[in-house]
Structure formats: C-alpha cells, structure tokens
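Engineer: Take a look at upload_38.pdb, PDB, C-alpha atoms:
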```pdb
ATOM      1  CA  MET A 302      13.169   1.102 -15.705
ATOM      2  CA  HIS A 303      11.856   4.615 -15.272
ATOM      3  CA  SER A 304      11.409   6.902 -12.327
ATOM      4  CA  GLY A 305       7.839   7.474 -11.283
ATOM      5  CA  PRO A 306       6.289  10.412  -9.509
ATOM      6  CA  ARG A 307       8.510  12.367  -7.160
ATOM      7  CA  LEU A 308       6.942  14.157  -4.219
ATOM      8  CA  ALA A 309       8.762  16.770  -2.169
ATOM      9  CA  TYR A 310       7.216  18.343   0.887
ATOM     10  CA  ALA A 311       7.988  21.616   2.614
ATOM     11  CA  SER A 312       9.563  19.535   5.363
ATOM     12  CA  GLN A 313      12.239  18.321   2.911
ATOM     13  CA  VAL A 314      10.862  14.770   2.880
ATOM     14  CA  THR A 315      11.180  13.366  -0.637
ATOM     15  CA  PHE A 316       9.542  10.280  -2.117
ATOM     16  CA  GLU A 317      10.390   8.752  -5.481
ATOM     17  CA  GLN A 318       9.055   5.669  -7.243
ATOM     18  CA  PHE A 319      11.127   3.522  -9.615
ATOM     19  CA  TYR A 320       9.112   1.292 -11.926
ATOM     20  CA  LEU A 321      10.540  -1.689 -13.826
ATOM     21  CA  GLY A 322       7.939  -2.384 -16.504
ATOM     22  CA  CYS A 323       9.221  -5.792 -17.625
ATOM     23  CA  LEU A 324       8.608  -7.160 -14.118
ATOM     24  CA  ALA A 325       5.740  -4.839 -13.118
ATOM     25  CA  HIS A 326       7.856  -4.029 -10.087
ATOM     26  CA  ALA A 327       7.881  -0.760  -8.165
ATOM     27  CA  SER A 328      10.480   0.307  -5.619
ATOM     28  CA  TYR A 329      10.825   3.490  -3.628
ATOM     29  CA  LEU A 330      13.387   5.903  -2.239
ATOM     30  CA  ILE A 331      12.412   8.116   0.698
ATOM     31  CA  GLY A 332      14.784  10.821   1.898
ATOM     32  CA  SER A 333      15.025  13.457   4.592
ATOM     33  CA  ASP A 334      17.854  15.529   6.056
ATOM     34  CA  GLY A 335      20.597  13.696   4.194
ATOM     35  CA  ILE A 336      19.397  10.147   4.969
ATOM     36  CA  ALA A 337      17.421   7.793   2.726
ATOM     37  CA  ALA A 338      15.591   4.482   2.817
ATOM     38  CA  VAL A 339      15.054   2.231  -0.204
ATOM     39  CA  VAL A 340      12.046  -0.091  -0.225
ATOM     40  CA  ASP A 341      11.964  -3.314  -2.312
ATOM     41  CA  PRO A 342      15.046  -2.597  -4.456
ATOM     42  CA  GLN A 343      15.393  -4.224  -7.850
ATOM     43  CA  ARG A 344      18.562  -6.128  -8.812
ATOM     44  CA  ASP A 345      20.245  -3.138 -10.469
ATOM     45  CA  VAL A 346      20.939  -0.791  -7.590
ATOM     46  CA  ASP A 347      22.712   1.942  -9.551
ATOM     47  CA  PRO A 348      19.546   4.062 -10.024
ATOM     48  CA  TYR A 349      19.114   4.363  -6.246
ATOM     49  CA  LEU A 350      22.774   5.240  -5.736
ATOM     50  CA  GLU A 351      22.651   7.858  -8.483
ATOM     51  CA  THR A 352      19.409   9.394  -7.201
ATOM     52  CA  ALA A 353      20.799   9.509  -3.663
ATOM     53  CA  ARG A 354      23.978  11.175  -4.957
ATOM     54  CA  GLN A 355      22.005  13.784  -6.878
ATOM     55  CA  GLN A 356      19.882  14.601  -3.846
ATOM     56  CA  GLY A 357      22.751  14.566  -1.339
ATOM     57  CA  LEU A 358      21.397  11.539   0.519
ATOM     58  CA  ARG A 359      23.114   8.624   2.234
ATOM     59  CA  ILE A 360      21.214   5.334   1.954
ATOM     60  CA  ALA A 361      21.076   4.012   5.520
ATOM     61  CA  HIS A 362      17.999   1.756   5.435
ATOM     62  CA  ILE A 363      16.886  -0.972   3.022
ATOM     63  CA  ILE A 364      13.431  -2.481   3.517
ATOM     64  CA  GLU A 365      12.022  -5.633   1.956
ATOM     65  CA  THR A 366       8.253  -5.892   2.322
ATOM     66  CA  HIS A 367       8.640  -9.669   1.828
ATOM     67  CA  LEU A 368      10.966 -12.256   0.332
ATOM     68  CA  HIS A 369      10.474 -12.074  -3.426
ATOM     69  CA  ALA A 370      10.032 -15.275  -5.408
ATOM     70  CA  ASP A 371       9.560 -13.685  -8.836
ATOM     71  CA  PHE A 372      12.707 -11.561  -9.187
ATOM     72  CA  VAL A 373      16.194 -11.156  -7.721
ATOM     73  CA  SER A 374      16.431  -8.297  -5.243
ATOM     74  CA  GLY A 375      19.442  -6.005  -4.981
ATOM     75  CA  HIS A 376      19.219  -5.559  -1.215
ATOM     76  CA  GLN A 377      22.480  -7.354  -0.410
ATOM     77  CA  GLU A 378      24.560  -5.495  -3.005
ATOM     78  CA  LEU A 379      22.998  -2.194  -1.970
ATOM     79  CA  ALA A 380      23.815  -2.935   1.676
ATOM     80  CA  GLN A 381      27.391  -3.841   0.788
ATOM     81  CA  ARG A 382      27.885  -0.657  -1.201
ATOM     82  CA  THR A 383      26.296   1.678   1.345
ATOM     83  CA  GLY A 384      26.605  -0.004   4.750
ATOM     84  CA  ALA A 385      22.846   0.248   5.153
ATOM     85  CA  THR A 386      20.800  -2.027   7.417
ATOM     86  CA  ILE A 387      18.328  -4.434   5.793
ATOM     87  CA  TYR A 388      14.887  -4.749   7.416
ATOM     88  CA  ILE A 389      12.439  -7.583   6.807
ATOM     89  CA  GLY A 390       9.488  -9.069   8.677
ATOM     90  CA  GLU A 391      10.369 -11.127  11.751
ATOM     91  CA  GLY A 392      10.378 -14.870  11.159
ATOM     92  CA  SER A 393      11.307 -14.639   7.488
ATOM     93  CA  GLY A 394      14.011 -17.279   7.831
ATOM     94  CA  ALA A 395      16.382 -15.056   5.845
ATOM     95  CA  THR A 396      20.040 -16.013   6.303
ATOM     96  CA  PHE A 397      21.573 -12.723   5.125
ATOM     97  CA  PRO A 398      22.355 -10.035   7.741
ATOM     98  CA  HIS A 399      19.178  -8.160   8.562
ATOM     99  CA  ARG A 400      16.980  -6.773  11.317
ATOM    100  CA  GLY A 401      13.652  -8.529  11.815
ATOM    101  CA  VAL A 402      10.773  -6.135  12.457
ATOM    102  CA  ARG A 403       7.408  -6.650  14.116
ATOM    103  CA  ASP A 404       4.098  -4.812  14.102
ATOM    104  CA  GLY A 405       4.583  -1.265  15.393
ATOM    105  CA  ASP A 406       8.377  -1.135  15.080
ATOM    106  CA  GLU A 407       9.679   2.149  13.679
ATOM    107  CA  ILE A 408      12.753   3.772  12.215
ATOM    108  CA  GLU A 409      13.212   7.524  12.041
ATOM    109  CA  PHE A 410      15.514   9.795  10.062
ATOM    110  CA  GLY A 411      15.282  13.531   9.584
ATOM    111  CA  LYS A 412      11.617  14.523   9.448
ATOM    112  CA  CYS A 413      10.484  11.054   8.383
ATOM    113  CA  ARG A 414       9.282   8.106  10.447
ATOM    114  CA  LEU A 415       8.621   4.663   8.950
ATOM    115  CA  ARG A 416       6.242   2.413  10.873
ATOM    116  CA  PHE A 417       6.036  -1.308  10.123
ATOM    117  CA  LEU A 418       2.747  -3.209  10.049
ATOM    118  CA  GLU A 419       2.566  -6.994   9.920
ATOM    119  CA  THR A 420       0.346  -7.859   6.930
ATOM    120  CA  PRO A 421       0.827 -11.595   6.268
ATOM    121  CA  GLY A 422      -0.982 -13.493   3.569
ATOM    122  CA  HIS A 423       1.008 -13.094   0.382
ATOM    123  CA  THR A 424       3.884 -14.470   2.441
ATOM    124  CA  LEU A 425       4.082 -15.096   6.162
ATOM    125  CA  GLU A 426       6.637 -12.352   6.754
ATOM    126  CA  SER A 427       4.922  -9.696   4.599
ATOM    127  CA  ILE A 428       4.935  -6.196   6.042
ATOM    128  CA  SER A 429       3.561  -2.832   5.002
ATOM    129  CA  VAL A 430       5.328   0.448   5.714
ATOM    130  CA  VAL A 431       3.519   3.615   6.784
ATOM    131  CA  VAL A 432       5.429   6.784   5.861
ATOM    132  CA  ILE A 433       4.910   9.547   8.428
ATOM    133  CA  ASP A 434       5.916  13.148   7.775
ATOM    134  CA  LEU A 435       6.802  14.601  11.172
ATOM    135  CA  GLU A 436       6.441  18.191   9.981
ATOM    136  CA  ARG A 437       2.900  17.647   8.748
ATOM    137  CA  GLY A 438       1.275  16.796  12.041
ATOM    138  CA  GLY A 439       2.715  13.318  12.426
ATOM    139  CA  GLY A 440      -0.007  11.718  10.323
ATOM    140  CA  PRO A 441       0.572   9.181   7.553
ATOM    141  CA  ALA A 442       1.621  10.543   4.172
ATOM    142  CA  ALA A 443       1.794   7.201   2.368
ATOM    143  CA  ALA A 444       1.674   3.452   2.834
ATOM    144  CA  LEU A 445       3.916   1.005   1.002
ATOM    145  CA  THR A 446       1.950  -2.233   0.879
ATOM    146  CA  GLY A 447       4.267  -4.575  -1.029
ATOM    147  CA  ASP A 448       2.317  -7.462  -2.537
ATOM    148  CA  THR A 449      -0.440  -7.268   0.092
ATOM    149  CA  LEU A 450      -2.644  -4.528  -1.343
ATOM    150  CA  PHE A 451      -2.774  -3.107  -4.860
ATOM    151  CA  ILE A 452      -4.798  -0.264  -6.312
ATOM    152  CA  GLY A 453      -8.202  -1.864  -6.798
ATOM    153  CA  ASP A 454      -7.021  -5.379  -5.966
ATOM    154  CA  VAL A 455      -5.217  -7.524  -3.417
ATOM    155  CA  GLY A 456      -2.223  -9.845  -3.648
ATOM    156  CA  ARG A 457      -2.437 -13.600  -3.908
ATOM    157  CA  PRO A 458      -1.092 -16.236  -1.500
ATOM    158  CA  ASP A 459       2.419 -17.337  -2.428
ATOM    159  CA  LEU A 460       3.756 -20.854  -1.914
ATOM    160  CA  ALA A 461       4.550 -21.821   1.690
ATOM    161  CA  ASP A 462       5.886 -25.001   3.264
ATOM    162  CA  ASN A 463       3.690 -25.035   6.352
ATOM    163  CA  HIS A 464       0.502 -23.271   5.271
ATOM    164  CA  THR A 465      -2.103 -24.041   2.638
ATOM    165  CA  PRO A 466      -3.193 -21.415   0.105
ATOM    166  CA  GLN A 467      -6.534 -21.262   1.938
ATOM    167  CA  GLU A 468      -4.798 -20.458   5.228
ATOM    168  CA  LEU A 469      -2.692 -17.756   3.603
ATOM    169  CA  ALA A 470      -5.769 -16.325   1.901
ATOM    170  CA  GLY A 471      -7.423 -16.030   5.316
ATOM    171  CA  MET A 472      -4.396 -14.149   6.633
ATOM    172  CA  LEU A 473      -4.457 -11.881   3.604
ATOM    173  CA  TYR A 474      -8.158 -11.144   4.117
ATOM    174  CA  THR A 475      -7.458 -10.186   7.706
ATOM    175  CA  ALA A 476      -4.440  -8.087   6.778
ATOM    176  CA  CYS A 477      -5.965  -6.098   3.931
ATOM    177  CA  PRO A 478      -7.035  -2.638   5.128
ATOM    178  CA  GLY A 479     -10.776  -2.187   5.240
ATOM    179  CA  SER A 480     -11.475  -5.948   4.995
ATOM    180  CA  CYS A 481     -12.305  -6.428   8.649
ATOM    181  CA  TRP A 482     -12.391  -4.684  12.011
ATOM    182  CA  ARG A 483      -8.755  -5.502  12.812
ATOM    183  CA  CYS A 484      -7.595  -3.465   9.842
ATOM    184  CA  ARG A 485     -10.020  -0.638  10.438
ATOM    185  CA  THR A 486      -8.497  -0.135  13.862
ATOM    186  CA  ARG A 487      -4.829  -1.046  13.466
ATOM    187  CA  CYS A 488      -4.225  -0.301   9.782
ATOM    188  CA  ALA A 489      -6.577   2.615   9.303
ATOM    189  CA  SER A 490      -3.621   4.762   8.295
ATOM    190  CA  ILE A 491      -3.367   2.828   5.042
ATOM    191  CA  ARG A 492      -7.032   3.460   4.224
ATOM    192  CA  ARG A 493      -6.660   7.192   4.814
ATOM    193  CA  THR A 494      -3.588   7.742   2.702
ATOM    194  CA  GLY A 495      -2.013   6.872  -0.613
ATOM    195  CA  ARG A 496      -1.228   3.199  -1.245
ATOM    196  CA  ALA A 497       1.938   2.262  -3.075
ATOM    197  CA  PRO A 498       2.388  -1.425  -3.890
ATOM    198  CA  CYS A 499       5.661  -3.021  -4.991
ATOM    199  CA  ALA A 500       4.068  -4.876  -7.915
ATOM    200  CA  GLY A 501       1.657  -3.936 -10.643
ATOM    201  CA  GLY A 502      -1.108  -6.394  -9.924
ATOM    202  CA  THR A 503      -4.120  -5.769 -12.125
ATOM    203  CA  SER A 504      -3.710  -2.037 -12.054
ATOM    204  CA  ALA A 505      -0.730   0.240 -12.310
ATOM    205  CA  PRO A 506       1.194   1.112  -9.152
ATOM    206  CA  THR A 507       0.701   4.597  -7.846
ATOM    207  CA  ALA A 508       2.914   6.932  -5.927
ATOM    208  CA  ALA A 509       1.692   7.890  -2.494
ATOM    209  CA  ARG A 510      -0.176  11.140  -2.283
ATOM    210  CA  PRO A 511       0.011  13.556   0.634
TER
END
```
Rewrite the structure of this file - the entire thing - as structure tokens.
Structural biologist:
Amino acid sequence: MHSGPRLAYASQVTFEQFYLGCLAHASYLIGSDGIAAVVDPQRDVDPYLETARQQGLRIAHIIETHLHADFVSGHQELAQRTGATIYIGEGSGATFPHRGVRDGDEIEFGKCRLRFLETPGHTLESISVVVIDLERGGGPAAALTGDTLFIGDVGRPDLADNHTPQELAGMLYTACPGSCWRCRTRCASIRRTGRAPCAGGTSAPTAARP
C-alpha cells in the first residue's frame, strides 16, 4: 500500500489517500484541529494510526461507504484501538456497533464538515460523503463516492437478497451525479468538486481537488 496525494488547506484541513494496489482499493484520512475521520479503511489499520500520530490527530470517526464483499475491512479493529464511532448507511443490517446515517446527516470536527448522501445501487446502503471546508466558504472541497461513482465510470450492482441486478442498476442510475434531475439538484456538490472513489474501477482513483 502507498499513500496517495495529500492536500493541506490554509484552514488546517488535511486530506490523504491510501491506495492498496493489489485490491485496487482507496481509503482516506481527513483531519482538522486534532480530530480525524477514516473512510473505507483496509484491513491493516496501522498506516492510519501512524499517519494520525505523525499529524497529531485523534481518529474519532470511521466511515464505511458500504459493506464490502471483496475485501475485509479494518473498521472494527480501528474502532477498538481508537474508540472511534463507525458510520454506515441506515438499513445496512450490520450487527457490529455503529451509527446508521441517512441522506443529509452530518458530522463536524474542527473546520471540516462531512455530509452524507444516500447513493444506493452498488449496494442498498451505499452512501457518498461530501467533504466541506468551513474556512473556504462552506462549499464542497471533495466527494468520496465509494463504489457508486468512479473517474470516468460507475460502479456495478452487487448481489442482494431482495433486489434484482436490474433494480439495483436503476437505483445506481438515479444515484449517480449528473445522470438525472434528482442528482443535479441534490448531489450537485459531487459534480462540482473532486470525486474520490474507494475502488479503482476502470480508471485510477483520484484524490479530491479543492
């Protein structure tokens, strides 16, 4: 695994991508004023702990954009080692301790606000996360789109017990920014800003850009 681009703003908001090439998996650490959030952590959580230590951050939030079927996530170990809260889309059916989030829910730390958008289709509980820098006018600085939206591509429907692939594909079409009017109005922030998926898809993941 290697660290991807690191962005630091005048407001002290930092954003770092970690990319695991063998799984084409990207995860992210966002920090501000001594607090950090980790999005879609890989199984080995030591890189996040070491980065947080180096930057003087305490990991307080762990976000899963969806339940991952293709790799083992480190969210539970990271939560145990830091005391952080795990966030995942409402209705996920997850049995581990977590907070279910819905469209429009937010968490805030330092000069950073994270806003959750429901973007089902890859999985029913899939969410995207809009990163808002409060010292840069309150507008979106990045969007973490999980396996919903890639750079130049979209995700695919995963397996589901109660929905056909065609039904999930319809949800994904509706959820993808720019695909229909719903996303132009409610998810326009993703279209206007950098997109950072959690998987490689058909093109390499990119760090968000301010």
Engineer: Care to translate the PyMOL selection byres ((chain A and resi 338) around 7) into actual residues of this file, as a PyMOL selection string?
Structural biologist: chain A and resi 330-332+337+339-340+360-363
Engineer: Store the residues picked out above, limited to C-alpha atoms, as a compact mmCIF listing (two decimals), keeping the file's coordinate frame.
Structural biologist:
```txt
# COMPACT_ATOMS: atom_id res chain seq x y z
CA LEU A 330 13.39 5.90 -2.24
CA ILE A 331 12.41 8.12 0.70
CA GLY A 332 14.78 10.82 1.90
CA ALA A 337 17.42 7.79 2.73
CA VAL A 339 15.05 2.23 -0.20
CA VAL A 340 12.05 -0.09 -0.22
CA ILE A 360 21.21 5.33 1.95
CA ALA A 361 21.08 4.01 5.52
CA HIS A 362 18.00 1.76 5.44
CA ILE A 363 16.89 -0.97 3.02
```
Engineer: At a cut-off of 8 Å, using only C-alpha atoms, what residues contact region 403-411 of chain A? Leave out same-chain residues fewer than 6 positions from it and give the result as a PyMOL selection string.
Structural biologist: chain A and resi 333-337+390-391+417-419
Engineer: Could you jot down the CA of Gly447 (chain A) to CA of Gly357 (chain A) separation for me, Å, one decimal place?
Structural biologist: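 We find that CA of Gly447 (chain A) and CA of Gly357 (chain A) lie 26.6 Å from each other.
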Engineer: Applying the PyMOL selection byres ((chain A and resi 421-438) around 7) to the file I just gave you, which residues come out? Please list them as a ChimeraX atom specification.
Structural biologist: /A:312,366-367,390-393,412-420,439-449,456-459,469-470,472-473,476
Engineer: Let me make sure I understand: among A:Ala325, A:Ala353, A:Ile389, A:Ala380, which one has the smallest atom-to-atom distance to Leu368 (chain A) if we use all atoms listed in the file?
Structural biologist: A:Ile389
Engineer: Which one of A:Leu321, A:Ile387, A:Val314, A:Leu450 sits closest to Gln356 (chain A) if you count all atoms listed in the file?
Structural biologist: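 Nearest candidate to Gln356 (chain A) out of A:Leu321, A:Ile387, A:Val314, A:Leu450: A:Val314.
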Engineer: Could you work out how far CA of Ala395 (chain A) lies from CA of Arg354 (chain A), giving the answer in Å with one decimal?
Structural biologist: 29.4 Å
Engineer: Just the number, please: distance in Å from CA of Tyr474 (chain A) to CA of Thr396 (chain A), one decimal.
Structural biologist: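 Those two atoms sit 28.7 Å apart.
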Engineer: Counting all atoms listed in the file, which residue out of A:Val373, A:Glu365, A:Phe316, A:Ala385 sits closest to Thr352 (chain A)?
Structural biologist: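 Closest to Thr352 (chain A), using all atoms listed in the file: A:Phe316.
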